[in-house]
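Each remark here refers to the structure printed beneath this line.
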Amino acid sequence: MIIVWLILVPLAGGLIAWYSGKRSASLARYISVLTLALMFGLVMKILLQDSAAIGMNIYGPWILEIKQEWIPQIGAGFHLAVDGLNLLLLLLTVFLGFAAVASSWTEIKERVGLFYLMLLWVLAGIIGVFLSMDLFLFYVFWELMLVPMYFLIVLWGHENRRYAAFKFFLFTQAGGLIMLVGVLGLYFIHGRQTGQYTFEYMSLVGTSMGRLTELLLMSCFFIAFAVKLPAVPLHTWLADAHTEAPTAGSVVLAGLLLKTGAYGLIRFALPLFPNASAEVAPGCMVIAVIGVIYGSIMAFAQTDIKRLIAYSSISHMGFVLLGIYAWSEVALQGAIMQIVCHGIATGALFIIAGTIQERTGTRDMGRMGGLWETAPRMGAAALFFALASLGLPGLGNFIGEFMVLLGSYRVNIVITAIGAAGVVSATVYSLWLIQRVFHGRDVNILKGGDLAAREMALMAVMMAALIWLGLFPQQIFNISQPALKNLRVADASSGAEILARKGEGDSRGGNIREGFRQ
Amino acid sequence: MTAVYSEHALVLSVVLFALGLFGVLIRRNIIFILLSIEIMLNAAGLAFVAAGAKWAAADGQVMFIFILAMAAAEVSVGLALALQMHHKLKTLDADSADRMKG
Amino acid sequence: MPEFLWIIPALPFGGFLLLAIAGRRVSKTWVALIGAGSVGLAFAAALSVGISFIGAAPGVNSYVLDLGTWISVNGFTSSFSLYLDALSLVMVLVITFVGFLIHIYSAGFMAGEEDYARFFAYMNLFIGSMLILVLADDLLFLYLGWEGVGLCSYLLIGFWYKDPLNGLAARKAFVVTRIGDTSLSLGLFLLATNLGTLRIQEVMYLAAGRWPVGSGMALAASALLLGGAIGKSAQLPLQTWLPDAMAGPTPVSALIHAATMVTAGVYLIARTHLLFTLAPQVQTAVAVIGALTLVVAGLSAVTQRDIKRVLAYSTISQIGYMFVALGVGAWSAAIFHFMTHAFFKALLFLGAGMVIISVDHEHDMFKMGGLRSQLPAVFWTFLIGACSLSALPFVTAGFYSKELIIYYSLASPLGNRWLWVAGVLGAFITSLYAFRMVFITFFGESRFRVRERPGMIMTVPAAVLAVLSLVAGFIELPASAGKTRIFSTFLSSSLPAITIREAAPGAETALSAFAAIVSLLGIFLAYILFFHRRRYADRLTASRAGRLGHRFLFGGWGFDWLYNAFIVRPFVWIARINKDDFIDLVYLGMLWSGSRLSNILSISQNGKVRTYALGIAFGAVIALAIMVFK
């Protein structure tokens, strides 16, 4: 039941915040915080109590699950489940939820109650996407999370918000419809084969089909997820949506909504269509490194600070895609790590960009400069997250990128080398951002001073999270490892081979270490 | 007296229908358009009656009763619309009521 | 006591944290105390660890301290582990000691600075990262330190952030070294994938067992590591960032861009030396790169006007010597030269720094002149540094370390006469530019009135380094001068001793004497050109060929121009031209054609009832026709 509460709490909290927002704006804010605190409590309960089951598989593949009939006529069930993979994403959702609420504390002044309603409902939709283990339910949540996001952009966005909101909606909606075709195709093929028409994930995994059919259905799923991820060339909605959205919207978009695409690939596209995925994996890896390089070149060219960060997201999500299609445990762990760390680092950068816009009235970096002098705390925070996004060892993003590249090195060396070069171009645009905004002569554009205590506290928490992830990533790996085993992704033939080879190397390594210690 | 063959009746109904259609297409006055529609409806009714006589079945006449009822309803609605049109546009020219153009 | 090894890097990191959090709230004295104190304590800790390490039971050559697992996924493991042996001990001692002196010096040099705490925080972070770099047992952990020092280099070069040029130099340094780092990280992937471990000692052992000499894997692995080393150590063709890095405060140049960080590449190659012996071609490449670099950078140094840029090119050139030593298998000679170079080059930078603040932050040597009488303490320490740099025979440390390398470049089985020629030529150029610097800055007519002499806090560290620049060489003496081998014997447990080709007795002495004479000739030429007959030098640079040559050398052999024209500008051009994302045009095109189509179709909706009726009639006719004629 606790799983259902994870979705119900934000839905209900949103309604209460909306209702109370009519009386007092700050009441709505506190109710949202309270809602998130409740959600945090629920996730922590799962993490601390129920996750004893993580490594043991006593409840089958899931730590927790709830499975009920929903529309039995068509075989759609209400099946929510938690495993290590989506548990991490839940944690990220709640964490960034806090960040989004905190960052919109002073920014949103109109229709505050409605704003928090939309924000919490987006979170509910995202959580639903992460938890659904029934393809029909998954599709419902997938569409559901778009609507409040659309309103967040169109009601509280910046100058060009209508264009951006429409673009966002059309792209993701088109992707969603294509996915629906894939879902239905899979449903009918499975039903015809077994006589059991169902949308249940666990039953659909392992459906056998012809090569062409599998490729077609896989590409339906892939396109939907690639739009969300986003993969070049389906990325153009992202820059507009991120730029025009209010800060909280950008945080949720970059930190969470993009991750649903990556999650969908890991959870659905690969396990449902293993053969087709293996076949297209090299192509997808090429798309991924194109994204890495293209995103970083685009980021470098931008003058709008939020646009720069948006394009850097494309570059970073390219690493995620690369890790997913490199198809081994090391790479997938790297991809998950990258998902989590990119969410935090980019979320934080968007928050900083939001505060800069709030205090300077512009997002144009050409008009900024020398902010370090008047706002050293803001500068230090921005520098930290810029360093995280350029992959500095010791911070979480490095672990993600390193593991992804290490995993992909086993598959294709050239692609890995290009991906690694992406790290250099990430250095270029990240430092360029710092240079243009914080270094140079002070142009006296900042009004309202340095980060306040509340903002600095938020930044400090996010910094601590990235350092913790960078130095102790093993705790994350331990949570997601059994989930990856269950996904049957990691034991593809090449992975098993590597495993065997590595085992041999390791045992020999152990002996040598003994020798050296003497 | 020569027998009236059903073919004759059908030819007559076709002629009437064509006259009605041309009326609808050519007249601009909305009253005349309504009249022409009435003619088309009756042409269709005549065809039903003729066909019913040919097969010696009552269905044709039943259908004609239906058409009569429907025509009555149509005329009442149509005339009401015509009155409204005259009221709003001060004209009965159908072409001037083109505010819904794309 | 080696189990307290972790304290050594932890101390500067602690200092960094303290300064980062509380630095703005405490007085400058406290900042300096924390900053310099943490490094001083780290030196004390290193000393006591070193003493107990040396005093440990014979046969114990290394010590591994495992601080926990970093990553362990599916057979790939990496851990926070420190490795202490003779090599890392030498590095740690030099880093903490020179670092400590430079921290003290900085307390005086940066005294007028507002952002005092930020400076010391960065410096401490640097020392901590550098110590991780040299102590790490795991290549990934080493990589953490490796990137960490790169970051600090970026932060400190751009310390005076208000001038955009400093920012440019800082970014250039970070990006160019990161190109090398990418190569290093690929090397890490290769080693981890093919050997299953990143622990340096295991990597070397496994590689030696699995890869035959000259095999493709060994070549690829060592070439990729070499790429990283080239970037960090500013060797050809990635040397362009170091001269620009002089934009940072002078203590930074002394610490990072002379004594420690730039020699990280030398350390990396020495640390993984077994991989390089498996790949003789790559090892030869190391020597060739070093030889080319030392000549190229040395010639550029001769033409510079900015005193710090002379020293920067000199650093590139001296690291070239270390690369030559590594390339011919004289591992311990490279480390020996690293140590003496750390002393005398840090000394020269400290001296240059004192000169610069005495003349109101003027960098151009030609505007100084005649400072000998006004700054006697600076002059004498600087002179000692210059002597050591130009390897003045017998009395300086630089002589012993450089002669060793020049000798081995011929005597080693991997050496050849071209390397030797480059080394001797380099020695000549070195003493030429070193004494050009001395004569122009300190002799000649006085052009500047010094208002305030640098205080004790700056002169004392320089004096200590001056003493070391003289005496540090006596722990490794050639056969002709007593044949002491303390240093190489100490290092022999981590770095194999060099084997020397059979040579005629006395050959070493003769070669040393020749090289010594050549470097004295360099000093003599500098005396003629820049002191005694200044007009010769003026006439030389005034001639057409001289002007062209001067410009070419002054600009660093056109490398910057080349990179700008072929890499930077095309990149920026592509980025700028595609700012609005051409892929978006596809979707905008779809949008446009959609609205066009809608416009065309909306013509049919003219709102006239009769037209619609006509449409219905036509439709009915067509439908009937299809039914009838089917």
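The way I read the labels, and the way they are meant: chains A, B, ... in the order of the structure tokens, residue 1 as the first residue of every chain, and ligand 1 as the first ligand shown, with later ones counted on from there.
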(message) What's around Phe64 (chain B) at 7 Å? Count only C-alpha atoms, leave out sequence neighbours fewer than 6 positions away in its own chain, and write the answer as a ChimeraX atom specification.
(response) /B:45,48-49
Using only N, CA and C atoms, please write the residues we just selected to a file, as a CSV table (one decimal), in the first residue's frame.
```
chain,number,residue,atom,x,y,z
B,45,GLY,N,-39.7,11.2,-52.4
B,45,GLY,CA,-40.9,10.5,-52.0
B,45,GLY,C,-41.6,9.8,-53.2
B,48,PHE,N,-40.0,6.6,-54.0
B,48,PHE,CA,-40.3,5.5,-53.0
B,48,PHE,C,-41.7,4.9,-53.4
B,49,VAL,N,-42.7,5.8,-53.7
B,49,VAL,CA,-44.0,5.4,-53.9
B,49,VAL,C,-44.0,4.5,-55.2
```
(request) Find the residues in chain A near chain C: any atom within 6 Å counts, using only C-alpha atoms. Write them as number ranges by chain. (result) A: 236, 297, 301, 393, 406, 439-441, 474, 502, 505
Those same residues - C-alpha atoms - I'd like them written as an mmCIF file, in the first residue's frame.
```cif
data_model
loop_
_atom_site.group_PDB
_atom_site.id
_atom_site.type_symbol
_atom_site.label_atom_id
_atom_site.label_comp_id
_atom_site.auth_asym_id
_atom_site.auth_seq_id
_atom_site.Cartn_x
_atom_site.Cartn_y
_atom_site.Cartn_z
ATOM 1 C CA THR A 236 15.135 20.578 -30.320
ATOM 2 C CA ILE A 297 29.309 22.441 -29.235
ATOM 3 C CA ALA A 301 27.661 28.725 -28.809
ATOM 4 C CA PRO A 393 36.984 13.320 -10.293
ATOM 5 C CA LEU A 406 34.824 2.064 -19.366
ATOM 6 C CA HIS A 439 34.845 36.488 -14.008
ATOM 7 C CA GLY A 440 35.976 39.592 -15.783
ATOM 8 C CA ARG A 441 35.179 43.125 -14.772
ATOM 9 C CA GLN A 474 29.375 2.038 -4.132
ATOM 10 C CA LYS A 502 37.515 -10.296 -15.302
ATOM 11 C CA GLY A 505 42.194 -11.364 -13.923
#
```
(request) Could you tell me which of B:Lys90, B:Glu7, B:Ile30, B:Leu19 comes closest to chain C if we count only C-alpha atoms? (result) B:Ile30
(message) Would you pick out the contacts of Val140 (chain A) at 9 Å or less, using only C-alpha atoms, so that residues sharing its chain but fewer than 4 positions from it are not included, and give the list as a list of chain:residue names?
(response) A:Gly125, A:Gly128, A:Val129, A:Leu135, A:Phe136, A:Leu144, A:Met145
Determine, for each residue of chain C having at least one atom at most 10 Å from an atom of chain B, the closest pair of atoms and their separation in Å to one decimal, counting only C-alpha atoms; order by chain and ascending number, as CSV.
```
residue,atom,partner,partner_atom,distance
C:Ser598,CA,B:Gly102,CA,9.5
C:Asn599,CA,B:Gly102,CA,8.6
C:Leu601,CA,B:Gly102,CA,8.5
C:Ser602,CA,B:Gly102,CA,4.8
C:Ile603,CA,B:Gly102,CA,6.7
C:Ser604,CA,B:Gly102,CA,7.6
C:Gln605,CA,B:Gly102,CA,4.8
C:Asn606,CA,B:Lys101,CA,4.3
C:Gly607,CA,B:Lys101,CA,3.9
C:Lys608,CA,B:Asp95,CA,5.1
C:Val609,CA,B:Ala94,CA,6.7
C:Arg610,CA,B:Leu25,CA,5.3
C:Thr611,CA,B:Leu25,CA,7.5
C:Tyr612,CA,B:Leu25,CA,9.2
C:Ala613,CA,B:Leu25,CA,6.8
C:Leu614,CA,B:Leu25,CA,6.4
C:Ala617,CA,B:Leu21,CA,8.0
```
Can I get the selection written as a tab-separated table (two decimals), in the first residue's frame, with N, CA and C atoms?
```tsv
chain	number	residue	atom	x	y	z
C	598	SER	N	-2.72	24.07	-44.39
C	598	SER	CA	-3.96	24.50	-43.77
C	598	SER	C	-4.51	25.72	-44.49
C	599	ASN	N	-3.64	26.65	-44.88
C	599	ASN	CA	-4.10	27.82	-45.60
C	599	ASN	C	-4.73	27.44	-46.92
C	601	LEU	N	-6.12	24.58	-47.80
C	601	LEU	CA	-7.38	23.88	-47.63
C	601	LEU	C	-8.48	24.81	-47.15
C	602	SER	N	-8.09	25.85	-46.44
C	602	SER	CA	-9.14	26.71	-45.90
C	602	SER	C	-9.83	27.53	-46.99
C	603	ILE	N	-9.23	27.56	-48.19
C	603	ILE	CA	-9.89	28.24	-49.30
C	603	ILE	C	-11.24	27.58	-49.59
C	604	SER	N	-11.29	26.27	-49.47
C	604	SER	CA	-12.51	25.55	-49.79
C	604	SER	C	-13.64	25.88	-48.80
C	605	GLN	N	-13.28	26.38	-47.65
C	605	GLN	CA	-14.31	26.71	-46.67
C	605	GLN	C	-14.69	28.19	-46.84
C	606	ASN	N	-15.50	28.50	-47.90
C	606	ASN	CA	-15.79	29.90	-48.13
C	606	ASN	C	-17.04	30.36	-47.41
C	607	GLY	N	-17.73	29.48	-46.71
C	607	GLY	CA	-18.86	29.87	-45.89
C	607	GLY	C	-20.16	30.00	-46.68
C	608	LYS	N	-20.12	29.75	-47.99
C	608	LYS	CA	-21.34	29.90	-48.79
C	608	LYS	C	-22.05	28.55	-48.87
C	609	VAL	N	-23.31	28.54	-48.44
C	609	VAL	CA	-24.06	27.30	-48.35
C	609	VAL	C	-24.16	26.62	-49.71
C	610	ARG	N	-24.31	27.44	-50.73
C	610	ARG	CA	-24.53	26.84	-52.05
C	610	ARG	C	-23.30	26.11	-52.56
C	611	THR	N	-22.14	26.64	-52.23
C	611	THR	CA	-20.94	25.93	-52.64
C	611	THR	C	-20.86	24.57	-51.95
C	612	TYR	N	-21.24	24.58	-50.68
C	612	TYR	CA	-21.22	23.30	-49.97
C	612	TYR	C	-22.21	22.33	-50.59
C	613	ALA	N	-23.38	22.86	-50.96
C	613	ALA	CA	-24.39	21.99	-51.57
C	613	ALA	C	-23.87	21.41	-52.88
C	614	LEU	N	-23.17	22.27	-53.62
C	614	LEU	CA	-22.59	21.77	-54.87
C	614	LEU	C	-21.61	20.65	-54.57
C	617	ALA	N	-23.47	17.55	-53.85
C	617	ALA	CA	-24.04	16.98	-55.07
C	617	ALA	C	-22.97	16.25	-55.87
```
(message) Can you tell me which residues surround Phe379 (chain C) at a distance of at most 8 Å, considering only C-alpha atoms, apart from same-chain residues fewer than 6 positions away, and format the answer as JSON, numbers by chain?
(response) {"C": [351, 371, 372, 442]}
Take the residues from that selection and put them in a file with N, CA and C atoms, as a tab-separated table (two decimals), in the first residue's frame.
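Output file selection.tsv follows:
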```
chain	number	residue	atom	x	y	z
C	351	GLY	N	62.59	34.46	-6.65
C	351	GLY	CA	63.40	35.65	-6.91
C	351	GLY	C	62.70	36.58	-7.89
C	371	LEU	N	69.33	46.19	-10.95
C	371	LEU	CA	68.71	46.00	-9.64
C	371	LEU	C	69.67	45.39	-8.61
C	372	ARG	N	70.90	45.07	-9.07
C	372	ARG	CA	71.84	44.35	-8.20
C	372	ARG	C	72.09	45.09	-6.90
C	442	PHE	N	69.65	42.51	-13.51
C	442	PHE	CA	70.39	43.00	-12.34
C	442	PHE	C	71.57	43.90	-12.69
```
(request) Among the residues of region 115-358 of chain A, find those DSSP assigns to strand (DSSP E or B) from the backbone and print them as a ChimeraX atom specification. (result) /A:132,134,200,304
Would you mind exporting C-alpha atoms of the selected residues as a PDB file, in the first residue's frame?
```pdb
ATOM      1  CA  SER A 132       4.336   1.251 -13.272  1.00  0.00           C
ATOM      2  CA  ASP A 134       1.924  -2.520 -16.504  1.00  0.00           C
ATOM      3  CA  GLU A 200       1.565  -6.913 -17.619  1.00  0.00           C
ATOM      4  CA  ASP A 304      21.469  32.630 -23.006  1.00  0.00           C
TER       5      ASP A 304
END
```
(request) Compare B:Val62, B:Leu89, B:Ala18, B:Val11 by their minimum atom-to-atom distance to Leu41 (chain B), counting only C-alpha atoms, and give me the closest one. (result)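 Selected residue with least distance to Leu41 (chain B): B:Ala18.
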(request) Skip His337 (chain C) itself and residues of its chain fewer than 4 positions away, then list as a list in words all residues within 7 Å of it, counting only C-alpha atoms. (result)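 These residues fall inside the cut-off: Met322, Ala333, His341, Ser401 and Lys402 of chain C.
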Can you write out the residues you just picked, keeping N, CA and C atoms, as a tab-separated table (two decimals), in the first residue's frame?
```
chain	number	residue	atom	x	y	z
C	322	MET	N	64.23	15.82	-18.35
C	322	MET	CA	63.73	14.67	-17.58
C	322	MET	C	63.15	13.62	-18.51
C	333	ALA	N	67.77	9.20	-12.65
C	333	ALA	CA	68.35	10.48	-13.06
C	333	ALA	C	67.24	11.49	-13.32
C	341	HIS	N	65.68	20.45	-9.89
C	341	HIS	CA	64.92	21.46	-10.63
C	341	HIS	C	63.86	22.11	-9.75
C	401	SER	N	72.84	16.91	-11.65
C	401	SER	CA	71.68	16.21	-12.21
C	401	SER	C	71.66	16.31	-13.72
C	402	LYS	N	72.04	17.45	-14.26
C	402	LYS	CA	71.96	17.59	-15.71
C	402	LYS	C	73.08	16.82	-16.41
```
(request) Just the residues within 8 Å of region 229-239 of chain C, please, counting only C-alpha atoms, with nothing from its chain fewer than 6 positions along; format it as a count of residues only. (result) 23
(request) Could you give me, as a ChimeraX atom specification, each residue of chain B that DSSP assigns to helix (DSSP H, G or I) when run on this structure's backbone? (result) /B:6-26,30-55,59-89,94-96
